[in-house]
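Q: What follows is the file work-v4.txt, containing compact mmCIF, C-alpha atoms and all ligand atoms:
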# COMPACT_ATOMS: atom_id res chain seq x y z
CA MET A 1 -16.87 -9.02 -12.42
CA LEU A 2 -16.54 -10.20 -8.84
CA ASN A 3 -17.84 -13.69 -8.16
CA PHE A 4 -20.63 -13.20 -5.63
CA ASN A 5 -21.80 -16.84 -5.62
CA ARG A 6 -21.06 -17.48 -1.98
CA ILE A 7 -22.87 -14.45 -0.53
CA MET A 8 -26.07 -14.59 -2.60
CA THR A 9 -28.08 -16.36 0.13
CA SER A 10 -27.43 -13.46 2.55
CA ILE A 11 -27.30 -10.42 0.28
CA ALA A 12 -29.48 -9.49 -2.69
CA VAL A 13 -26.40 -8.75 -4.79
CA GLU A 14 -28.45 -8.04 -7.92
CA TRP A 15 -30.08 -5.15 -5.99
CA MET A 16 -26.75 -3.96 -4.58
CA LEU A 17 -25.33 -3.72 -8.12
CA GLN A 18 -27.96 -1.08 -8.93
CA LYS A 19 -27.28 1.02 -5.82
CA HIS A 20 -25.27 4.17 -5.27
CA VAL A 21 -23.78 5.27 -1.94
CA THR A 22 -22.27 8.64 -1.03
CA VAL A 23 -19.57 8.45 1.64
CA VAL A 24 -18.60 11.65 3.44
CA GLY A 25 -15.39 12.15 5.42
CA GLY A 26 -14.15 8.65 6.24
CA ALA A 27 -15.51 5.08 6.45
CA TYR A 28 -13.04 3.95 3.80
CA GLY A 29 -12.83 0.36 5.00
CA LEU A 30 -16.61 0.20 5.15
CA ALA A 31 -16.87 1.53 1.59
CA CYS A 32 -14.49 -1.20 0.38
CA ASP A 33 -16.55 -3.82 2.22
CA LEU A 34 -19.72 -2.57 0.52
CA VAL A 35 -17.99 -3.00 -2.84
CA ARG A 36 -17.29 -6.62 -1.86
CA CYS A 37 -21.01 -6.93 -1.03
CA GLY A 38 -21.89 -5.94 -4.59
CA LEU A 39 -22.35 -2.17 -4.39
CA GLY A 40 -22.56 -0.79 -7.93
CA SER A 41 -21.38 2.81 -7.54
CA LEU A 42 -19.94 5.21 -5.01
CA THR A 43 -19.15 8.87 -4.52
CA PHE A 44 -16.50 9.92 -1.99
CA VAL A 45 -16.56 13.42 -0.51
CA ASP A 46 -13.49 14.51 1.44
CA PHE A 47 -10.87 17.21 1.09
CA ASP A 48 -8.28 15.56 3.37
CA ARG A 49 -4.98 14.17 2.19
CA VAL A 50 -3.37 11.02 3.57
CA ASP A 51 -0.93 11.89 6.34
CA ALA A 52 1.73 9.77 8.04
CA SER A 53 -0.50 8.92 11.03
CA ASN A 54 -3.40 7.59 8.91
CA PRO A 55 -2.21 4.08 7.91
CA ALA A 56 -1.94 3.01 11.58
CA ARG A 57 -5.65 3.68 12.14
CA GLN A 58 -7.49 3.90 8.83
CA ASP A 59 -7.69 1.76 5.70
CA LEU A 60 -5.03 3.80 3.93
CA TYR A 61 -1.43 2.92 3.03
CA PRO A 62 1.94 4.64 3.64
CA GLY A 63 2.53 4.78 -0.13
CA ASP A 64 -0.52 7.04 -0.42
CA THR A 65 0.89 9.75 1.88
CA GLY A 66 0.14 13.16 0.40
CA ARG A 67 -2.56 11.90 -1.97
CA LEU A 68 -6.19 12.86 -1.61
CA LYS A 69 -7.88 10.24 0.58
CA THR A 70 -10.76 10.04 -1.90
CA GLU A 71 -8.44 9.04 -4.74
CA ALA A 72 -6.47 6.56 -2.63
CA VAL A 73 -9.62 4.75 -1.54
CA ALA A 74 -11.22 4.92 -5.00
CA GLU A 75 -8.21 2.99 -6.29
CA GLN A 76 -8.72 0.33 -3.62
CA CYS A 77 -12.39 0.00 -4.63
CA ARG A 78 -11.37 -0.51 -8.27
CA ARG A 79 -8.88 -3.20 -7.23
CA ILE A 80 -11.69 -5.08 -5.47
CA ASN A 81 -14.15 -4.70 -8.34
CA PRO A 82 -12.86 -3.19 -11.61
CA GLN A 83 -16.50 -2.65 -12.69
CA ILE A 84 -17.29 -0.31 -9.78
CA GLU A 85 -18.16 3.26 -10.75
CA VAL A 86 -16.41 5.66 -8.35
CA GLU A 87 -16.59 9.44 -8.28
CA CYS A 88 -14.36 11.53 -6.05
CA TYR A 89 -15.36 14.96 -4.91
CA SER A 90 -12.61 16.81 -3.06
CA ALA A 91 -14.53 19.54 -1.34
CA ASP A 92 -15.84 20.62 2.03
CA PHE A 93 -19.26 18.94 2.33
CA CYS A 94 -20.59 22.07 4.08
CA SER A 95 -19.64 24.43 1.25
CA ILE A 96 -21.36 22.61 -1.64
CA SER A 97 -24.16 24.77 -3.07
CA LEU A 98 -27.70 23.44 -3.13
CA ASP A 99 -27.84 23.13 -6.95
CA GLU A 100 -24.53 21.38 -7.01
CA PHE A 101 -25.64 19.12 -4.16
CA ASP A 102 -28.66 17.84 -6.06
CA HIS A 103 -26.63 17.43 -9.23
CA LEU A 104 -23.89 15.47 -7.43
CA PHE A 105 -25.93 13.43 -4.98
CA GLY A 106 -29.57 13.50 -6.12
CA HIS A 107 -29.27 9.94 -7.40
CA THR A 108 -27.72 8.47 -4.28
CA ASP A 109 -29.51 5.68 -2.41
CA LEU A 110 -27.73 6.13 0.93
CA PHE A 111 -25.53 8.76 2.55
CA ILE A 112 -22.87 7.54 4.97
CA HIS A 113 -21.47 10.28 7.19
CA ALA A 114 -18.20 9.59 8.96
CA ALA A 115 -16.86 13.13 9.39
CA ASP A 116 -16.26 14.05 13.03
CA PHE A 117 -17.50 17.62 12.54
CA VAL A 118 -20.94 18.69 13.73
CA PRO A 119 -21.78 21.09 10.84
CA ALA A 120 -21.10 18.29 8.31
CA GLN A 121 -23.28 15.87 10.28
CA ALA A 122 -25.96 18.56 10.58
CA ARG A 123 -25.95 19.29 6.86
CA GLY A 124 -26.12 15.58 6.17
CA ASN A 125 -29.32 15.44 8.20
CA ILE A 126 -30.96 18.40 6.52
CA GLU A 127 -30.15 17.29 2.97
CA SER A 128 -31.17 13.66 3.44
CA LEU A 129 -34.50 14.78 4.94
CA ARG A 130 -34.99 17.30 2.13
CA LEU A 131 -34.27 14.69 -0.55
CA GLY A 132 -36.14 11.92 1.30
CA LYS A 133 -33.06 9.67 1.27
CA PRO A 134 -31.76 7.25 3.89
CA ALA A 135 -28.65 8.32 5.77
CA MET A 136 -26.38 7.01 8.47
CA TRP A 137 -23.83 8.53 10.81
CA ILE A 138 -20.95 6.58 12.32
CA GLY A 139 -19.24 8.05 15.37
CA MET A 140 -16.46 6.88 17.63
CA TYR A 141 -16.61 7.96 21.27
CA ALA A 142 -13.58 9.33 23.11
CA GLY A 143 -10.56 7.06 23.02
CA GLY A 144 -12.25 4.53 20.72
CA ARG A 145 -13.80 2.99 23.86
CA ALA A 146 -17.31 2.83 22.40
CA GLY A 147 -19.14 4.10 19.36
CA GLU A 148 -22.51 4.72 17.78
CA ILE A 149 -24.42 4.31 14.59
CA VAL A 150 -27.43 6.53 13.97
CA TYR A 151 -29.50 6.05 10.85
CA HIS A 152 -32.67 7.34 9.29
CA VAL A 153 -34.83 5.59 6.73
CA PRO A 154 -37.83 7.59 5.46
CA GLY A 155 -41.07 5.79 6.24
CA VAL A 156 -39.43 3.46 8.78
CA THR A 157 -37.68 5.46 11.50
CA GLU A 158 -39.30 8.41 13.25
CA ALA A 159 -36.36 10.24 14.77
CA CYS A 160 -33.86 12.05 12.56
CA TYR A 161 -30.20 12.58 13.44
CA ARG A 162 -30.98 15.90 15.10
CA CYS A 163 -33.82 14.39 17.17
CA ILE A 164 -31.33 11.83 18.51
CA CYS A 165 -28.15 13.91 18.74
CA GLY A 166 -29.57 17.35 19.59
CA GLN A 167 -27.22 17.58 22.59
CA ARG A 168 -24.28 17.43 20.21
CA TYR A 169 -25.62 20.44 18.29
CA ALA A 170 -25.98 22.28 21.62
CA ALA A 171 -22.39 21.38 22.62
CA PHE A 172 -21.17 22.68 19.27
CA ASN A 173 -23.04 25.94 19.86
CA ARG A 174 -21.32 26.21 23.23
CA GLY A 175 -17.96 26.09 21.45
CA MET A 176 -17.08 22.38 21.29
CA ARG A 177 -15.54 22.12 17.84
CA LYS A 178 -14.55 18.50 17.35
CA ILE A 179 -15.36 15.07 18.67
CA SER A 180 -11.86 13.72 19.26
CA SER A 181 -11.10 10.30 17.83
CA GLU A 182 -7.67 10.29 19.49
CA GLY A 183 -6.87 6.80 20.81
CA GLY A 184 -9.33 5.07 18.46
CA THR A 185 -7.56 2.14 16.79
CA ILE A 186 -8.24 0.29 13.53
CA LEU A 187 -9.69 -2.54 15.65
CA ASP A 188 -12.28 -0.22 17.17
CA LEU A 189 -13.02 1.30 13.78
CA HIS A 190 -13.48 -2.05 12.05
CA LEU A 191 -15.79 -3.29 14.83
CA LEU A 192 -18.01 -0.26 14.36
CA ASP A 193 -17.78 -0.38 10.55
CA ALA A 194 -18.77 -4.05 10.49
CA ILE A 195 -22.01 -3.25 12.32
CA ALA A 196 -22.58 -0.13 10.22
CA GLY A 197 -22.08 -2.26 7.10
CA GLN A 198 -24.88 -4.64 8.12
CA ILE A 199 -27.19 -1.62 8.48
CA ALA A 200 -26.03 -0.16 5.14
CA VAL A 201 -26.67 -3.41 3.24
CA GLY A 202 -29.96 -3.70 5.15
CA ILE A 203 -31.03 -0.26 3.95
CA LEU A 204 -29.90 -0.86 0.34
CA THR A 205 -31.62 -4.26 0.05
CA ARG A 206 -34.57 -3.67 2.38
CA GLY A 207 -37.39 -6.09 1.55
CA ALA A 208 -35.20 -8.80 0.05
CA ASP A 209 -36.06 -12.29 1.28
CA ASN A 210 -32.87 -12.92 3.25
CA ARG A 211 -31.44 -11.94 6.63
CA MET A 212 -29.93 -8.66 5.40
CA GLY A 213 -33.15 -7.69 3.64
CA ARG A 214 -35.06 -8.10 6.90
CA ILE A 215 -32.78 -6.26 9.31
CA ILE A 216 -34.16 -2.71 8.91
CA ASP A 217 -37.78 -3.74 9.48
CA ALA A 218 -36.66 -5.93 12.38
CA LEU A 219 -34.97 -2.90 13.97
CA GLY A 220 -38.01 -0.67 13.35
CA ASN A 221 -37.58 2.59 15.28
CA ARG A 222 -34.47 1.38 17.15
CA ASN A 223 -32.27 3.64 15.07
CA LEU A 224 -29.61 4.47 17.64
CA LEU A 225 -27.07 1.68 18.03
CA GLN A 226 -24.38 1.99 20.67
CA VAL A 227 -21.43 -0.35 20.67
CA LYS A 228 -19.38 -1.02 23.79
CA ILE A 229 -15.72 -1.68 23.12
CA ASP A 230 -13.80 -1.05 26.36
CA PRO A 231 -15.24 -3.24 29.17
CA ASP A 232 -14.79 -0.27 31.55
CA TYR A 233 -16.48 2.29 29.30
CA THR A 234 -18.64 4.96 30.92
CA LEU A 235 -19.97 8.20 29.43
CA GLY A 236 -18.74 10.63 32.09
CA ASP A 237 -19.89 8.86 35.23
CA LYS A 238 -22.87 7.25 33.50
CA ASP A 239 -22.66 3.54 32.65
CA ILE A 240 -24.95 3.64 29.60
CA PHE A 241 -24.61 -0.09 28.90
CA ALA A 242 -25.25 -1.22 32.49
CA GLU A 243 -28.51 0.74 32.36
CA TYR A 244 -29.87 -1.81 29.88
CA LEU A 245 -27.70 -4.85 30.39
CA GLY A 246 -26.94 -4.69 34.13
CA ASN A 247 -24.35 -7.33 34.89
CA HIS A 248 -25.61 -9.67 32.18
CA PRO A 249 -22.75 -11.54 30.42
CA ALA A 250 -23.51 -9.41 27.32
CA ASN A 251 -22.31 -6.40 29.28
CA PHE A 252 -18.65 -7.25 29.03
CA SER A 253 -17.53 -5.77 25.73
CA PHE A 254 -18.20 -5.77 21.97
CA SER A 255 -21.95 -5.67 22.60
CA THR A 256 -24.47 -3.51 20.76
CA ILE A 257 -27.62 -2.01 22.17
CA ALA A 258 -30.30 -0.82 19.70
CA LEU A 259 -32.40 1.87 21.32
CA PRO A 260 -35.91 2.92 20.24
CA MET A 261 -35.98 6.59 19.35
CA GLU A 262 -38.88 8.98 19.01
CA ARG A 263 -39.20 12.17 17.06
CA GLU A 264 -38.50 15.32 19.09
CA HIS A 265 -41.51 17.52 18.49
CA ASP A 266 -39.43 20.69 18.57
CA CYS A 267 -36.76 19.33 16.19
CA PRO A 268 -36.15 22.18 13.69
CA ASP A 269 -35.11 19.81 10.89
CA CYS A 270 -38.13 17.52 11.21
CA SER A 271 -40.55 20.44 11.37
CA ARG A 272 -38.96 22.02 8.30
CA PHE A 273 -38.74 18.98 6.06
CA ARG A 274 -41.15 16.36 7.33
CA HIS A 275 -44.56 17.88 6.71
CA ASP A 276 -45.89 14.41 5.99
CA VAL A 277 -45.39 13.49 9.65
CA GLU A 278 -46.93 16.77 10.82
CA ASP A 279 -49.93 16.40 8.55
CA ALA A 280 -50.53 12.90 9.80
CA ALA A 281 -50.35 14.03 13.43
ZN ZN A 301 -35.69 15.50 13.85
Render the structure in this file as structure tokens.

A:
Amino acid sequence: MLNFNRIMTSIAVEWMLQKHVTVVGGAYGLACDLVRCGLGSLTFVDFDRVDASNPARQDLYPGDTGRLKTEAVAEQCRRINPQIEVECYSADFCSISLDEFDHLFGHTDLFIHAADFVPAQARGNIESLRLGKPAMWIGMYAGGRAGEIVYHVPGVTEACYRCICGQRYAAFNRGMRKISSEGGTILDLHLLDAIAGQIAVGILTRGADNRMGRIIDALGNRNLLQVKIDPDYTLGDKDIFAEYLGNHPANFSFSTIALPMEREHDCPDCSRFRHDVEDAA
């Protein structure tokens, strides 16, 4: 058993030990960090194998080349905490049948989506709404120059992933097939993962009497976080950080803005799965 003595004032480890997280298509370093924070069990979903370019930018090792990523990272989790329960599911997240989905993931407490493929992100939204489970999506912007974390917690946040990222669905329908992570380094990834990890522990221990247990209620409906990494980052010609931060010293780099999001009333996923919200309206 890991010795958690020195993190107990910040994290309700006894709660974390009871929790299960499903990680789809990446976020391996983050998953390992959650194990260090006391996470009790994990399921990895990914069909990729480790290739030669992975160790330079993901938490994978050259000796794992050719192995399934899920199995390589499961082994790392077991090295951190031999008591961790890890399941690996080497399949395309989009092709899992509904029955199988509920059987495999019905018990999960949080879905973490790190796949850079719109249909996988879209399915993640639908299924988490259908099951009434929290979910988060971690995305790197072009070149690793900025990134985002979107999350949804039933009963806390209003907007779902599709409400917030509807433009991405539209771009996919216009033929854009992949959000390129080319140029993103391990430093960019770890910066984003560290912030995502705070949100993940916040969701899993929400209500605990410590700083992590308070973070989700403190954020409220600010469930789009954007992280500036390159000081010169702009989205096209739009300086999204200057819009909020102007030339404040916080608008140099490594800053996070947490934006309040509202439900889109024509969001197909919300209208299909969130009748509670509609009834209340
Ligand atoms: Zn929605």

Q: Let me make sure I understand: among A:Gly236, A:Gly246, A:Gly183, A:Gly166, which one has the smallest atom-to-atom distance to ligand ZN 301 (chain A) if we use only C-alpha atoms and all ligand atoms?

A: A:Gly166

Q: Measuring atom to atom with all atoms listed in the file, identify which of A:Glu100, A:Ile186, A:Ser253, A:Ala171 is nearest to A:Phe241.

A: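 Distance minimum relative to A:Phe241 lands on A:Ser253.
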
Q: 7 Å from ligand ZN 301 (chain A) is the threshold here; counting only C-alpha atoms and all ligand atoms, which polymer residues fall inside it? Answer as number ranges by chain.

A: A: 159-163, 263-264, 267-270

Q: Residues within 10 Å of A:Asp230, please, as a list in words. Count all atoms listed in the file; anything in the same chain fewer than 2 positions from it doesn't count.

A: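 With the cut-off at 10 Å, the set is Gly143, Gly144, Arg145, Ala146, Asp188, Val227, Lys228, Asp232, Tyr233, Thr234, Phe252, Ser253 and Phe254 of chain A.
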
Q: Using only C-alpha atoms, which protein or nucleic acid residues come within 8 Å of A:Val118? Drop anything in the same chain fewer than 3 positions from it, and give the result as number ranges by chain.

A: A: 121-122, 168-169, 172, 177-178

Q: Using all atoms listed in the file, which residue out of A:Thr157, A:Ser95, A:Asn223, A:Asn3 lies closest to A:Asn81?

A: A:Asn3

Q: Env of A:Thr185: 12 Å cut, atoms = all atoms listed in the file, seq-sep filter 2 positions within chain, self excluded. Answer as a ChimeraX atom specification.

A: /A:53-59,140-146,181-183,187-192,229-230

Q: Counting only C-alpha atoms, figure out which residue out of A:Arg274, A:Thr108, A:Ile138, A:Thr65 gets nearest to A:Asp193.

A: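 Under the stated criterion, the closest residue is A:Ile138.
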
Q: As lines of an AutoDock Vina configuration file, please report the centre and edge lengths, rounded to one decimal in Å, of the axis-aligned box that holds all listed atoms of stretch 195-214 of chain A with 5 Å of padding on each of the six sides.

A:
center_x = -29.7
center_y = -6.5
center_z = 6.2
size_x = 25.4
size_y = 22.8
size_z = 22.3

Q: Counting all atoms listed in the file, which residue out of A:Ile240, A:Cys32, A:Leu235, A:Ile7 sits closest to A:Glu75?

A: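 Of all the options, A:Cys32 lies closest to A:Glu75.
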
Q: Counting all atoms listed in the file, figure out which residue out of A:Gln83, A:Ser10, A:Gln76, A:Asn221 gets nearest to A:Ser41.

A: A:Gln83

Q: In Å, how far is it from atom CA of A:Leu34 to atom CA of A:Leu259?

A: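 Between these atoms lies a distance of 24.8 Å.
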
Q: For a test of reading the model, state the distance in Å between atom CA of A:Arg211 and atom CA of A:Arg36, rounded to one decimal.

A: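 Interatomic distance, atom CA of A:Arg211 to atom CA of A:Arg36: 17.3 Å.
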